[in-house]
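Student: Dropping the structure in here first, questions after.
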Amino acid sequence: MSPIPCHPWTGLFLSALLLVGCATGARDEAATRLRVAAVAERAGQGDVALSLYATAAGQAPGDPEVQLRYARALLANAKPDHARGVLEEALRRNPGSSPLLAEMARLRLSMGQAEEALAAYRTVLERAPRNIAALNGQGIALDLLGRHDEAQHSYEAVQAIEPGNVAAANNRALSMLLQGKAASAAALLAALDRPGGAERIQQNHEIARMAAGSAGDDPDLRAIASALR
């Protein structure tokens, strides 16, 4: 384990870790470190959390949940290649783990490896056809591959399970936009664009409106809309 950088919160985290560690056996140390790492993450101490996750992962190499959380921390700290190695080893030890497969798929998407992500998401969906995160991820992978009709079916499947899922509706609208159906995308986004809503929804709605031929005031958005037509 590499040295933990000194931060104002580090002493608190390590004190908590040592106090709990004195009262528990070696078997519980990984779980203790996970709890303290989660506190560190919430406090914005990502490097401290990553160091604790790394130690926990070393203590529990066969525990898929520990390895999953370590991989997520690596990805959050811009270490995708290391995260992939952790997930590959965890999947070797736990080949049927849907959470590990889903995380590998998400990692592949972040690295632009749409084919590999799609294969992983489909493996997850074979076991859990109503897994909303996997259905959404599958749609994104299909969109990246230019298979927009299939992608929209995947987003629609999410909405059939959870009608209020904003992410799926937004993704479906963007898929339509990529397909050249700007007017349909704008109509769908209009239903999502509400005062006080997410800024990305507002921006996507404006882009769709401009791509469909509506007037807009932002020159940057007009340039994006022109490229999408």
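Order determines the names: the first chain of the structure tokens is A, the second B, and so forth; residues in each chain are numbered 1 upward, and ligands are numbered 1 upward as they are shown.
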Would you list, as a PyMOL selection string, the residues of stretch 138-220 of chain A that end up in helix (DSSP H, G or I) under DSSP run on this structure's backbone?
Tutor: chain A and resi 138-144+148-161+166-178+182-192+199-211+219-220
Student: Set the distance at 12 Å and use only C-alpha atoms: which residues neighbour A:Arg127 once local chain neighbours fewer than 5 positions away are removed? I'd like the list as a PyMOL selection string.
Tutor: chain A and resi 96-99+101-102+120-122+134
Student: Save out the residues we just selected, all heavy atoms, as a PDB file, in the first residue's frame.
Tutor:
ATOM      1  N   GLY A  96     -19.687 -15.266 -12.990  1.00  0.00           N
ATOM      2  CA  GLY A  96     -21.129 -15.057 -13.135  1.00  0.00           C
ATOM      3  C   GLY A  96     -21.649 -13.805 -12.460  1.00  0.00           C
ATOM      4  O   GLY A  96     -22.868 -13.647 -12.328  1.00  0.00           O
ATOM      5  N   SER A  97     -20.768 -12.902 -12.055  1.00  0.00           N
ATOM      6  CA  SER A  97     -21.199 -11.725 -11.301  1.00  0.00           C
ATOM      7  C   SER A  97     -21.770 -10.648 -12.220  1.00  0.00           C
ATOM      8  O   SER A  97     -21.025  -9.995 -12.963  1.00  0.00           O
ATOM      9  CB  SER A  97     -20.024 -11.154 -10.499  1.00  0.00           C
ATOM     10  OG  SER A  97     -20.365  -9.910  -9.929  1.00  0.00           O
ATOM     11  N   SER A  98     -23.080 -10.445 -12.149  1.00  0.00           N
ATOM     12  CA  SER A  98     -23.716  -9.406 -12.968  1.00  0.00           C
ATOM     13  C   SER A  98     -23.225  -8.001 -12.610  1.00  0.00           C
ATOM     14  O   SER A  98     -22.992  -7.188 -13.508  1.00  0.00           O
ATOM     15  CB  SER A  98     -25.238  -9.491 -12.840  1.00  0.00           C
ATOM     16  OG  SER A  98     -25.727 -10.658 -13.451  1.00  0.00           O
ATOM     17  N   PRO A  99     -23.054  -7.656 -11.316  1.00  0.00           N
ATOM     18  CA  PRO A  99     -22.534  -6.317 -11.012  1.00  0.00           C
ATOM     19  C   PRO A  99     -21.158  -6.057 -11.611  1.00  0.00           C
ATOM     20  O   PRO A  99     -20.888  -4.958 -12.107  1.00  0.00           O
ATOM     21  CB  PRO A  99     -22.502  -6.296  -9.483  1.00  0.00           C
ATOM     22  CG  PRO A  99     -23.544  -7.273  -9.067  1.00  0.00           C
ATOM     23  CD  PRO A  99     -23.472  -8.365 -10.084  1.00  0.00           C
ATOM     24  N   LEU A 101     -19.914  -7.534 -14.321  1.00  0.00           N
ATOM     25  CA  LEU A 101     -20.095  -7.422 -15.768  1.00  0.00           C
ATOM     26  C   LEU A 101     -20.657  -6.060 -16.151  1.00  0.00           C
ATOM     27  O   LEU A 101     -20.225  -5.447 -17.132  1.00  0.00           O
ATOM     28  CB  LEU A 101     -21.035  -8.528 -16.273  1.00  0.00           C
ATOM     29  CG  LEU A 101     -20.414  -9.907 -16.448  1.00  0.00           C
ATOM     30  CD1 LEU A 101     -21.510 -10.945 -16.652  1.00  0.00           C
ATOM     31  CD2 LEU A 101     -19.451  -9.911 -17.645  1.00  0.00           C
ATOM     32  N   ALA A 102     -21.620  -5.575 -15.368  1.00  0.00           N
ATOM     33  CA  ALA A 102     -22.209  -4.267 -15.645  1.00  0.00           C
ATOM     34  C   ALA A 102     -21.174  -3.158 -15.495  1.00  0.00           C
ATOM     35  O   ALA A 102     -21.145  -2.208 -16.294  1.00  0.00           O
ATOM     36  CB  ALA A 102     -23.400  -4.021 -14.730  1.00  0.00           C
ATOM     37  N   ALA A 120     -21.078  -7.102 -22.995  1.00  0.00           N
ATOM     38  CA  ALA A 120     -21.176  -7.239 -21.540  1.00  0.00           C
ATOM     39  C   ALA A 120     -22.584  -6.923 -21.055  1.00  0.00           C
ATOM     40  O   ALA A 120     -23.136  -7.637 -20.199  1.00  0.00           O
ATOM     41  CB  ALA A 120     -20.152  -6.336 -20.855  1.00  0.00           C
ATOM     42  N   TYR A 121     -23.179  -5.854 -21.574  1.00  0.00           N
ATOM     43  CA  TYR A 121     -24.548  -5.514 -21.164  1.00  0.00           C
ATOM     44  C   TYR A 121     -25.526  -6.628 -21.538  1.00  0.00           C
ATOM     45  O   TYR A 121     -26.449  -6.942 -20.771  1.00  0.00           O
ATOM     46  CB  TYR A 121     -24.988  -4.204 -21.808  1.00  0.00           C
ATOM     47  CG  TYR A 121     -24.498  -2.973 -21.090  1.00  0.00           C
ATOM     48  CD1 TYR A 121     -23.811  -1.975 -21.770  1.00  0.00           C
ATOM     49  CD2 TYR A 121     -24.729  -2.793 -19.725  1.00  0.00           C
ATOM     50  CE1 TYR A 121     -23.361  -0.832 -21.114  1.00  0.00           C
ATOM     51  CE2 TYR A 121     -24.276  -1.664 -19.052  1.00  0.00           C
ATOM     52  CZ  TYR A 121     -23.601  -0.688 -19.758  1.00  0.00           C
ATOM     53  OH  TYR A 121     -23.154   0.432 -19.101  1.00  0.00           O
ATOM     54  N   ARG A 122     -25.349  -7.239 -22.680  1.00  0.00           N
ATOM     55  CA  ARG A 122     -26.269  -8.302 -23.096  1.00  0.00           C
ATOM     56  C   ARG A 122     -26.131  -9.533 -22.210  1.00  0.00           C
ATOM     57  O   ARG A 122     -27.118 -10.230 -21.955  1.00  0.00           O
ATOM     58  CB  ARG A 122     -26.042  -8.621 -24.575  1.00  0.00           C
ATOM     59  CG  ARG A 122     -26.618  -7.530 -25.458  1.00  0.00           C
ATOM     60  CD  ARG A 122     -26.617  -7.838 -26.912  1.00  0.00           C
ATOM     61  NE  ARG A 122     -27.504  -6.919 -27.622  1.00  0.00           N
ATOM     62  CZ  ARG A 122     -27.510  -6.736 -28.922  1.00  0.00           C
ATOM     63  NH1 ARG A 122     -26.677  -7.416 -29.695  1.00  0.00           N
ATOM     64  NH2 ARG A 122     -28.356  -5.890 -29.484  1.00  0.00           N
ATOM     65  N   ALA A 134     -28.561  -1.569 -17.146  1.00  0.00           N
ATOM     66  CA  ALA A 134     -28.029  -2.318 -18.286  1.00  0.00           C
ATOM     67  C   ALA A 134     -28.781  -1.988 -19.566  1.00  0.00           C
ATOM     68  O   ALA A 134     -28.184  -1.902 -20.650  1.00  0.00           O
ATOM     69  CB  ALA A 134     -28.094  -3.817 -18.002  1.00  0.00           C
TER      70      ALA A 134
END
Student: Can you work out which one of A:Pro163, A:Gly44, A:Gly180, A:Pro129 has the shortest atom-to-atom distance to A:Gly146, counting only C-alpha atoms?
Tutor: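 The shortest atom-to-atom distance to A:Gly146 comes from A:Gly180.
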Student: Between atom CA of A:Ala114 and atom CA of A:Asp143, what is the distance in Å, rounded to a tenth?
Tutor: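 Distance reported for this atom pair: 8.9 Å.
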Student: For A:Asn94, please output as JSON, numbers by chain all residues within 9 Å (counting only C-alpha atoms; exclusion window: fewer than 4 positions along the same chain).
Tutor: {"A": [62, 63, 64, 89, 90, 100]}
Student: Write out as an mmCIF file with N, CA and C atoms, in the first residue's frame the residues lying within 8 Å of A:Gln67, counting only C-alpha atoms and excluding same-chain residues fewer than 6 positions away.
Tutor:
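To be explicit, this is the file written out as result.cif:
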data_model
loop_
_atom_site.group_PDB
_atom_site.id
_atom_site.type_symbol
_atom_site.label_atom_id
_atom_site.label_comp_id
_atom_site.auth_asym_id
_atom_site.auth_seq_id
_atom_site.Cartn_x
_atom_site.Cartn_y
_atom_site.Cartn_z
ATOM 1 N N ALA A 57 -9.101 -4.173 -1.166
ATOM 2 C CA ALA A 57 -9.122 -5.116 -2.289
ATOM 3 C C ALA A 57 -8.015 -6.157 -2.138
ATOM 4 N N ALA A 60 -9.141 -8.763 0.368
ATOM 5 C CA ALA A 60 -10.279 -9.610 -0.019
ATOM 6 C C ALA A 60 -10.292 -9.813 -1.525
ATOM 7 N N PRO A 61 -9.299 -10.498 -2.077
ATOM 8 C CA PRO A 61 -9.199 -10.635 -3.537
ATOM 9 C C PRO A 61 -10.353 -11.402 -4.178
ATOM 10 N N VAL A 86 -8.415 -4.681 -12.653
ATOM 11 C CA VAL A 86 -9.078 -5.146 -11.425
ATOM 12 C C VAL A 86 -10.346 -5.916 -11.767
ATOM 13 N N LEU A 87 -11.138 -5.380 -12.681
ATOM 14 C CA LEU A 87 -12.391 -6.038 -13.056
ATOM 15 C C LEU A 87 -12.136 -7.359 -13.774
ATOM 16 N N ALA A 90 -11.256 -9.839 -11.158
ATOM 17 C CA ALA A 90 -12.440 -10.156 -10.351
ATOM 18 C C ALA A 90 -13.399 -11.052 -11.124
#
Student: Go ahead and compute the interatomic distance for atom CA of A:Ala49 and atom CA of A:Asp28, in Å to one decimal.
Tutor: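 Going from atom CA of A:Ala49 over to atom CA of A:Asp28 covers 17.5 Å.
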Student: Applying 10 Å and only C-alpha atoms, which residues near A:Ala190 remain after dropping the ones on its own chain fewer than 2 positions away? List them as a list in words.
Tutor: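 The residues satisfying every condition are Ser184, Ala185, Ala186, Ala187, Leu188, Leu192, Asp193, Arg194, Ile201, Gln202, Asn204, His205, Glu206, Ala208 and Arg209 of chain A.
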Student: Those residues with N, CA and C atoms, as a compact mmCIF listing (two decimals), in the first residue's frame please?
Tutor:
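again-v4.txt, freshly written:
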# COMPACT_ATOMS: atom_id res chain seq x y z
N SER A 184 -38.89 15.17 -33.76
CA SER A 184 -39.36 14.20 -32.77
C SER A 184 -38.56 14.31 -31.47
N ALA A 185 -37.26 14.53 -31.62
CA ALA A 185 -36.41 14.69 -30.44
C ALA A 185 -36.82 15.93 -29.65
N ALA A 186 -37.09 17.03 -30.37
CA ALA A 186 -37.48 18.27 -29.70
C ALA A 186 -38.80 18.10 -28.96
N ALA A 187 -39.74 17.38 -29.56
CA ALA A 187 -41.03 17.17 -28.91
C ALA A 187 -40.87 16.34 -27.64
N LEU A 188 -40.01 15.34 -27.68
CA LEU A 188 -39.79 14.50 -26.50
C LEU A 188 -39.10 15.30 -25.40
N LEU A 192 -39.75 17.05 -21.10
CA LEU A 192 -38.82 16.92 -19.98
C LEU A 192 -38.31 18.26 -19.47
N ASP A 193 -38.35 19.26 -20.35
CA ASP A 193 -37.76 20.57 -20.03
C ASP A 193 -38.73 21.39 -19.20
N ARG A 194 -38.46 21.45 -17.90
CA ARG A 194 -39.32 22.16 -16.97
C ARG A 194 -38.50 23.20 -16.20
N ILE A 201 -30.82 18.90 -19.85
CA ILE A 201 -32.08 18.72 -20.57
C ILE A 201 -32.42 20.00 -21.33
N GLN A 202 -32.24 21.13 -20.68
CA GLN A 202 -32.52 22.41 -21.34
C GLN A 202 -31.62 22.60 -22.56
N ASN A 204 -30.08 20.23 -24.34
CA ASN A 204 -30.44 19.27 -25.37
C ASN A 204 -31.71 19.69 -26.10
N HIS A 205 -32.68 20.24 -25.34
CA HIS A 205 -33.92 20.71 -25.95
C HIS A 205 -33.64 21.84 -26.93
N GLU A 206 -32.79 22.76 -26.53
CA GLU A 206 -32.46 23.89 -27.41
C GLU A 206 -31.74 23.41 -28.66
N ALA A 208 -32.02 20.47 -30.07
CA ALA A 208 -33.00 19.77 -30.90
C ALA A 208 -33.90 20.76 -31.63
N ARG A 209 -34.33 21.82 -30.92
CA ARG A 209 -35.18 22.83 -31.55
C ARG A 209 -34.45 23.50 -32.72
Student: For A:Ala56, which residue among A:Glu29, A:Asp81, A:Glu116, A:Glu156 is the nearest when counting only C-alpha atoms?
Tutor: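 Closest to A:Ala56, using only C-alpha atoms: A:Glu29.
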Student: Using Å and a single decimal, report how far atom CA of A:Asp47 sits from atom CA of A:Leu34.
Tutor: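 If I compute the distance from atom CA of A:Leu34 to atom CA of A:Asp47, I get 13.7 Å.
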Student: Which residues are close to A:Asn165, i.e. within 12 Å by only C-alpha atoms, leaving aside same-chain residues fewer than 6 positions away? Reply as a ChimeraX atom specification.
Tutor: /A:132-133,135-136,155-159,171-172,192
Student: Taking into account only C-alpha atoms, which residue in the set A:Arg108, A:Ala37, A:Ala167, A:Glu115 is nearest to A:Val66?
Tutor: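 Looking only at the distances to A:Val66, the closest residue turns out to be A:Ala37.
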Student: Using only C-alpha atoms, which of A:Ala128, A:Ala182, A:Leu91, A:Ala83 sits nearest A:Met111?
Tutor: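 Once distances to A:Met111 are computed over only C-alpha atoms, the minimum belongs to A:Ala83.
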